[in-house]
$ cat structure27.cif   # mmCIF, C-alpha atoms and all ligand atoms
data_upload
#
loop_
_atom_site.group_PDB
_atom_site.id
_atom_site.type_symbol
_atom_site.label_atom_id
_atom_site.label_comp_id
_atom_site.auth_asym_id
_atom_site.auth_seq_id
_atom_site.Cartn_x
_atom_site.Cartn_y
_atom_site.Cartn_z
ATOM 1 C CA MET A 6 116.230 117.408 -57.406
ATOM 2 C CA PHE A 7 119.508 115.625 -58.103
ATOM 3 C CA GLY A 8 118.117 112.151 -58.572
ATOM 4 C CA GLY A 9 115.992 112.420 -55.459
ATOM 5 C CA LYS A 10 112.327 113.106 -55.188
ATOM 6 C CA THR A 11 111.283 116.594 -54.158
ATOM 7 C CA LEU A 12 109.412 116.402 -50.929
ATOM 8 C CA PHE A 13 106.512 118.825 -50.873
ATOM 9 C CA ASN A 14 104.266 119.059 -47.883
ATOM 10 C CA LEU A 15 101.700 121.842 -47.536
ATOM 11 C CA LYS A 16 99.347 121.570 -44.566
ATOM 12 C CA TYR A 17 96.592 123.796 -43.210
ATOM 13 C CA GLU A 18 95.555 122.778 -39.696
ATOM 14 C CA ASN A 19 93.186 124.128 -37.035
ATOM 15 C CA MET A 20 91.096 126.342 -39.300
ATOM 16 C CA SER A 21 89.281 129.120 -37.482
ATOM 17 C CA PHE A 22 86.881 131.851 -38.502
ATOM 18 C CA HIS A 23 87.499 135.497 -37.680
ATOM 19 C CA SER A 24 83.968 136.869 -37.908
ATOM 20 C CA GLU A 25 84.887 140.561 -37.615
ATOM 21 C CA LEU A 26 87.341 140.401 -40.494
ATOM 22 C CA GLN A 27 85.405 137.655 -42.324
ATOM 23 C CA ILE A 28 88.547 135.655 -42.945
ATOM 24 C CA ILE A 29 89.722 132.126 -42.245
ATOM 25 C CA HIS A 30 92.932 131.421 -40.344
ATOM 26 C CA ALA A 31 94.915 128.198 -40.168
ATOM 27 C CA ASP A 32 98.229 126.964 -38.845
ATOM 28 C CA VAL A 33 100.180 126.632 -42.058
ATOM 29 C CA THR A 34 103.252 124.537 -42.625
ATOM 30 C CA LEU A 35 105.102 124.284 -45.894
ATOM 31 C CA GLU A 36 108.004 121.931 -46.156
ATOM 32 C CA ILE A 37 109.969 121.488 -49.356
ATOM 33 C CA ASP A 38 113.013 119.239 -49.588
ATOM 34 C CA ASN A 39 113.291 119.017 -45.796
ATOM 35 C CA GLN A 40 113.314 122.794 -45.505
ATOM 36 C CA ILE A 41 110.559 124.492 -43.544
ATOM 37 C CA LEU A 42 109.537 127.501 -45.629
ATOM 38 C CA ILE A 43 106.441 128.402 -43.611
ATOM 39 C CA ASP A 44 105.346 127.484 -40.094
ATOM 40 C CA GLU A 45 102.886 130.048 -38.701
ATOM 41 C CA PRO A 46 99.213 130.963 -38.442
ATOM 42 C CA LEU A 47 98.080 132.807 -41.562
ATOM 43 C CA CYS A 48 94.976 133.929 -43.390
ATOM 44 C CA ILE A 49 94.275 131.168 -45.896
ATOM 45 C CA ASP A 50 91.037 132.067 -47.664
ATOM 46 C CA VAL A 51 92.169 135.175 -49.557
ATOM 47 C CA GLY A 52 94.671 133.181 -51.615
ATOM 48 C CA LEU A 53 92.887 129.826 -51.633
ATOM 49 C CA PRO A 54 91.104 130.210 -55.006
ATOM 50 C CA ALA A 55 94.469 131.057 -56.614
ATOM 51 C CA LEU A 56 96.114 128.069 -54.916
ATOM 52 C CA LEU A 57 93.386 125.732 -56.196
ATOM 53 C CA CYS A 58 93.587 127.230 -59.679
ATOM 54 C CA SER A 59 97.333 126.513 -59.722
ATOM 55 C CA THR A 60 96.615 122.771 -59.767
ATOM 56 C CA TYR A 61 95.625 123.199 -63.426
ATOM 57 C CA GLU A 62 96.894 126.555 -64.597
ATOM 58 C CA ASN A 63 100.059 128.557 -64.530
ATOM 59 C CA THR A 64 99.573 131.212 -61.920
ATOM 60 C CA GLY A 65 101.654 134.086 -60.705
ATOM 61 C CA PRO A 66 100.830 136.814 -58.240
ATOM 62 C CA VAL A 67 101.079 140.542 -58.732
ATOM 63 C CA ALA A 68 102.332 142.742 -55.914
ATOM 64 C CA ILE A 69 98.925 144.389 -55.559
ATOM 65 C CA ALA A 70 95.788 142.612 -56.774
ATOM 66 C CA THR A 71 92.148 143.617 -56.479
ATOM 67 C CA SER A 72 89.506 141.255 -55.084
ATOM 68 C CA GLU A 73 88.359 140.424 -58.621
ATOM 69 C CA GLU A 74 91.893 139.402 -59.580
ATOM 70 C CA TRP A 75 91.567 136.426 -57.258
ATOM 71 C CA ASP A 76 93.938 134.309 -59.335
ATOM 72 C CA LYS A 77 96.744 136.870 -58.889
ATOM 73 C CA LEU A 78 96.637 137.024 -55.096
ATOM 74 C CA PRO A 79 99.421 135.487 -52.987
ATOM 75 C CA PHE A 80 98.437 132.014 -51.747
ATOM 76 C CA LEU A 81 98.949 132.970 -48.120
ATOM 77 C CA VAL A 82 98.618 136.358 -46.476
ATOM 78 C CA CYS A 83 99.173 138.014 -43.119
ATOM 79 C CA GLY A 84 96.768 137.076 -40.325
ATOM 80 C CA CYS A 85 95.051 140.461 -40.732
ATOM 81 C CA GLY A 86 93.838 139.273 -44.144
ATOM 82 C CA ASP A 87 95.394 142.122 -46.099
ATOM 83 C CA PRO A 88 97.601 140.911 -48.973
ATOM 84 C CA GLU A 89 99.287 144.312 -49.069
ATOM 85 C CA CYS A 90 100.375 143.920 -45.454
ATOM 86 C CA ARG A 91 102.382 140.733 -45.885
ATOM 87 C CA GLY A 92 102.077 137.626 -47.993
ATOM 88 C CA TYR A 93 103.815 134.534 -49.245
ATOM 89 C CA PHE A 94 104.138 134.784 -52.992
ATOM 90 C CA PHE A 95 104.676 131.806 -55.257
ATOM 91 C CA LYS A 96 104.604 131.307 -58.976
ATOM 92 C CA VAL A 97 103.412 128.005 -60.404
ATOM 93 C CA LYS A 98 104.238 126.706 -63.847
ATOM 94 C CA HIS A 99 103.127 123.392 -65.308
ATOM 95 C CA THR A 100 105.694 121.486 -67.322
ATOM 96 C CA GLN A 101 105.200 118.994 -70.174
ATOM 97 C CA THR A 102 106.384 116.215 -67.887
ATOM 98 C CA GLN A 103 103.560 116.294 -65.322
ATOM 99 C CA MET A 104 105.577 118.360 -62.924
ATOM 100 C CA VAL A 105 104.864 121.659 -61.284
ATOM 101 C CA LYS A 106 107.597 124.250 -61.094
ATOM 102 C CA TRP A 107 107.018 126.127 -57.838
ATOM 103 C CA THR A 108 108.968 129.358 -57.491
ATOM 104 C CA GLU A 109 109.253 131.273 -54.270
ATOM 105 C CA LEU A 110 109.028 135.044 -54.790
ATOM 106 C CA GLU A 111 110.052 137.867 -52.559
ATOM 107 C CA LEU A 112 108.331 141.227 -52.562
ATOM 108 C CA THR A 113 111.037 143.860 -52.759
ATOM 109 C CA GLY A 114 110.870 147.329 -51.250
ATOM 110 C CA ASP A 115 110.101 148.893 -54.619
ATOM 111 C CA GLY A 116 107.032 146.707 -55.125
ATOM 112 C CA ASN A 117 108.569 144.154 -57.493
ATOM 113 C CA LEU A 118 108.641 140.410 -57.060
ATOM 114 C CA ARG A 119 112.047 138.762 -57.119
ATOM 115 C CA GLU A 120 112.468 135.053 -57.844
ATOM 116 C CA MET A 121 114.010 133.057 -55.023
ATOM 117 C CA GLY A 122 114.031 129.260 -54.700
ATOM 118 C CA GLU A 123 112.604 127.045 -57.419
ATOM 119 C CA TYR A 124 111.348 123.503 -56.893
ATOM 120 C CA GLU A 125 109.811 120.807 -59.074
ATOM 121 C CA ILE A 126 106.945 118.833 -57.615
ATOM 122 C CA PRO A 127 105.126 115.881 -59.200
ATOM 123 C CA LEU A 128 101.743 117.156 -60.399
ATOM 124 C CA THR A 129 99.719 114.275 -58.933
ATOM 125 C CA GLU A 130 101.228 114.867 -55.504
ATOM 126 C CA TYR A 131 100.648 118.611 -55.757
ATOM 127 C CA ARG A 132 97.017 118.180 -56.815
ATOM 128 C CA SER A 133 96.194 115.679 -54.104
ATOM 129 C CA GLN A 134 97.525 117.880 -51.305
ATOM 130 C CA ILE A 135 95.749 120.989 -52.520
ATOM 131 C CA PHE A 136 92.576 119.010 -53.139
ATOM 132 C CA TYR A 137 92.628 117.997 -49.486
ATOM 133 C CA ILE A 138 93.084 121.626 -48.388
ATOM 134 C CA GLY A 139 90.159 122.660 -50.610
ATOM 135 C CA ILE A 140 87.897 119.990 -49.126
ATOM 136 C CA GLN A 141 88.873 121.001 -45.577
ATOM 137 C CA PHE A 142 88.019 124.615 -46.375
ATOM 138 C CA ILE A 143 84.662 123.846 -47.992
ATOM 139 C CA ASP A 144 83.660 121.645 -45.037
ATOM 140 C CA PHE A 145 84.796 124.272 -42.582
ATOM 141 C CA VAL A 146 82.889 127.227 -44.056
ATOM 142 C CA GLU A 147 79.727 125.286 -44.849
ATOM 143 C CA HIS A 148 77.798 126.346 -41.760
ATOM 144 C CA LEU A 149 79.356 129.758 -41.255
ATOM 145 C CA ASN A 150 77.840 133.117 -41.991
ATOM 146 C CA TYR A 151 80.851 133.944 -44.113
ATOM 147 C CA GLN A 152 81.076 137.010 -46.365
ATOM 148 C CA PRO A 153 84.545 136.888 -47.911
ATOM 149 C CA TYR A 154 86.349 139.793 -49.528
ATOM 150 C CA TYR A 155 86.182 138.032 -52.891
ATOM 151 C CA LYS A 156 82.498 137.123 -52.842
ATOM 152 C CA ASN A 157 82.825 134.007 -55.022
ATOM 153 C CA THR A 158 85.534 132.430 -52.832
ATOM 154 C CA VAL A 159 83.470 129.369 -51.903
ATOM 155 C CA GLN A 160 82.017 128.785 -55.393
ATOM 156 C CA THR A 161 85.457 129.133 -56.946
ATOM 157 C CA ALA A 162 86.954 126.714 -54.419
ATOM 158 C CA LYS A 163 84.173 124.199 -55.154
ATOM 159 C CA LYS A 164 84.696 124.524 -58.885
ATOM 160 C CA TRP A 165 88.391 123.628 -58.660
ATOM 161 C CA VAL A 166 87.887 120.859 -56.119
ATOM 162 C CA ASP A 167 85.300 119.306 -58.471
ATOM 163 C CA ARG A 168 87.710 119.581 -61.348
ATOM 164 C CA ILE A 169 90.447 117.779 -59.423
ATOM 165 C CA ALA A 170 87.961 115.092 -58.333
ATOM 166 C CA ASN A 171 86.619 114.635 -61.876
ATOM 167 C CA PRO A 172 89.447 115.232 -64.332
ATOM 168 C CA LEU A 173 88.392 115.452 -67.961
HETATM 169 ZN ZN ZN B 1 98.775 142.280 -41.526
#

$ encode --input "structure27.cif" --output "structure tokens" --more "lines below"
Ligand SMILES: [Zn+2]
Amino acid sequence: MFGGKTLFNLKYENMSFHSELQIIHADVTLEIDNQILIDEPLCIDVGLPALLCSTYENTGPVAIATSEEWDKLPFLVCGCGDPECRGYFFKVKHTQTQMVKWTELELTGDGNLREMGEYEIPLTEYRSQIFYIGIQFIDFVEHLNYQPYYKNTVQTAKKWVDRIANPL
């Protein structure tokens, strides 16, 4: 951030459907400022509505969220689809200057979330990458017999993708 531009690169590749668990997997990479924070296959649909919501709203996870608290789930969770098993927790805060403050959180043994690294990302860049992820997801699930844990996952994803495509 010292004069340079924060490089933010979040990619979901090779989406696949786990029909028994009714979850979507992808190979996820997250690179910030030339640091690889994530590079592994993860369950991406549990936290996707929260990720999309973070393009407009401040969001922050709780250590344990219910399926109806979709906006408080970690963006990425363990391949088994259970956020309580393992997840990547981030907090997103919008600033007055069209930036997004992205804070990495760590779940501690006593069930609290501790703040780790903090990065500032240009909002337009952030929105366009997450928009692309949302579109990929919607296209991917379109022809699946998909019954997600949070039943409005697809509608919620569509709502946010539409909002990014048609800003007020
Ligand atoms: Zn697990």

$ residues_around --input "structure27.cif" --residues "range 162-173 of chain A" --least-positions-apart "3" --cutoff "7 Å" --atoms "all atoms listed in the file" --output "PyMOL selection string"
chain A and resi 54+57-58+136+139+158-159

$ write_last_selection --input "structure27.cif" --atoms "C-alpha atoms" --output "JSON list (two decimals), in the coordinates of the input"
[["chain", "number", "residue", "atom", "x", "y", "z"],
["A", 54, "PRO", "CA", 91.10, 130.21, -55.01],
["A", 57, "LEU", "CA", 93.39, 125.73, -56.20],
["A", 58, "CYS", "CA", 93.59, 127.23, -59.68],
["A", 136, "PHE", "CA", 92.58, 119.01, -53.14],
["A", 139, "GLY", "CA", 90.16, 122.66, -50.61],
["A", 158, "THR", "CA", 85.53, 132.43, -52.83],
["A", 159, "VAL", "CA", 83.47, 129.37, -51.90]]

$ closest_residue --input "structure27.cif" --among "A:Pro153, A:Cys90, A:Glu74, A:Ser21" --to "ligand ZN 1 (chain B)" --atoms "only C-alpha atoms and all ligand atoms"
A:Cys90

$ resolve_selection --input "structure27.cif" --expression "the PyMOL selection byres (((chain A and resi 92) around 8) and not hetatm)" --output "ChimeraX atom specification"
/A:79-83,88-91,93-94

$ write_last_selection --input "structure27.cif" --atoms "C-alpha atoms" --output "short mmCIF file (atom, residue, chain, number, x, y, z; two decimals), in the frame of the given file"
data_model
loop_
_atom_site.label_atom_id
_atom_site.label_comp_id
_atom_site.auth_asym_id
_atom_site.auth_seq_id
_atom_site.Cartn_x
_atom_site.Cartn_y
_atom_site.Cartn_z
CA PRO A 79 99.42 135.49 -52.99
CA PHE A 80 98.44 132.01 -51.75
CA LEU A 81 98.95 132.97 -48.12
CA VAL A 82 98.62 136.36 -46.48
CA CYS A 83 99.17 138.01 -43.12
CA PRO A 88 97.60 140.91 -48.97
CA GLU A 89 99.29 144.31 -49.07
CA CYS A 90 100.38 143.92 -45.45
CA ARG A 91 102.38 140.73 -45.88
CA TYR A 93 103.82 134.53 -49.24
CA PHE A 94 104.14 134.78 -52.99
#

$ residues_near_point --input "structure27.cif" --point "(107.0, 119.5, -47.5)" --cutoff "6 Å" --atoms "only C-alpha atoms" --output "VMD selection string"
chain A and resid 12 to 15 35 to 37

$ residues_around --input "structure27.cif" --residues "Ser59 in chain A" --least-positions-apart "2" --cutoff "12 Å" --atoms "all atoms listed in the file" --output "count of residues only"
36

$ closest_residue --input "structure27.cif" --among "A:Cys85, A:Val33, A:Ala68, A:Met121" --to "Val51 in chain A" --atoms "only C-alpha atoms"
A:Cys85

$ atom_distance --input "structure27.cif" --atom1 "CA of Asp44 in chain A" --atom2 "CA of Met20 in chain A"
14.3 Å

$ atom_distance --input "structure27.cif" --atom1 "CA of Asn117 in chain A" --atom2 "CA of Thr34 in chain A"
25.2 Å

$ closest_residue --input "structure27.cif" --among "A:Asp115, A:Glu18, A:Asp32, A:Asp87" --to "ligand ZN 1 (chain B)" --atoms "only C-alpha atoms and all ligand atoms"
A:Asp87

$ resolve_selection --input "structure27.cif" --expression "the PyMOL selection byres (((chain A and resi 23) around 10) and not hetatm)" --output "list in words"
Met20, Ser21, Phe22, Ser24, Glu25, Leu26, Gln27, Ile28, Ile29, His30, Cys48, Gly84, Cys85, Gly86 and Tyr151 of chain A

$ axis_aligned_box --input "structure27.cif" --around "range 115-122 of chain A" --padding-each-side "5 Å" --output "lines of an AutoDock Vina configuration file"
center_x = 110.5
center_y = 139.1
center_z = -56.2
size_x = 17.0
size_y = 29.6
size_z = 13.2

$ residues_near_point --input "structure27.cif" --point "(105.0, 115.8, -61.9)" --cutoff "8 Å" --atoms "all atoms listed in the file" --output "ChimeraX atom specification"
/A:100,102-105,125-130

$ atom_distance --input "structure27.cif" --atom1 "CA of Ser72 in chain A" --atom2 "CA of His148 in chain A"
23.2 Å

$ closest_residue --input "structure27.cif" --among "A:Gln134, A:Gln40, A:Lys16, A:Ala31" --to "Thr60 in chain A" --atoms "all atoms listed in the file"
A:Gln134
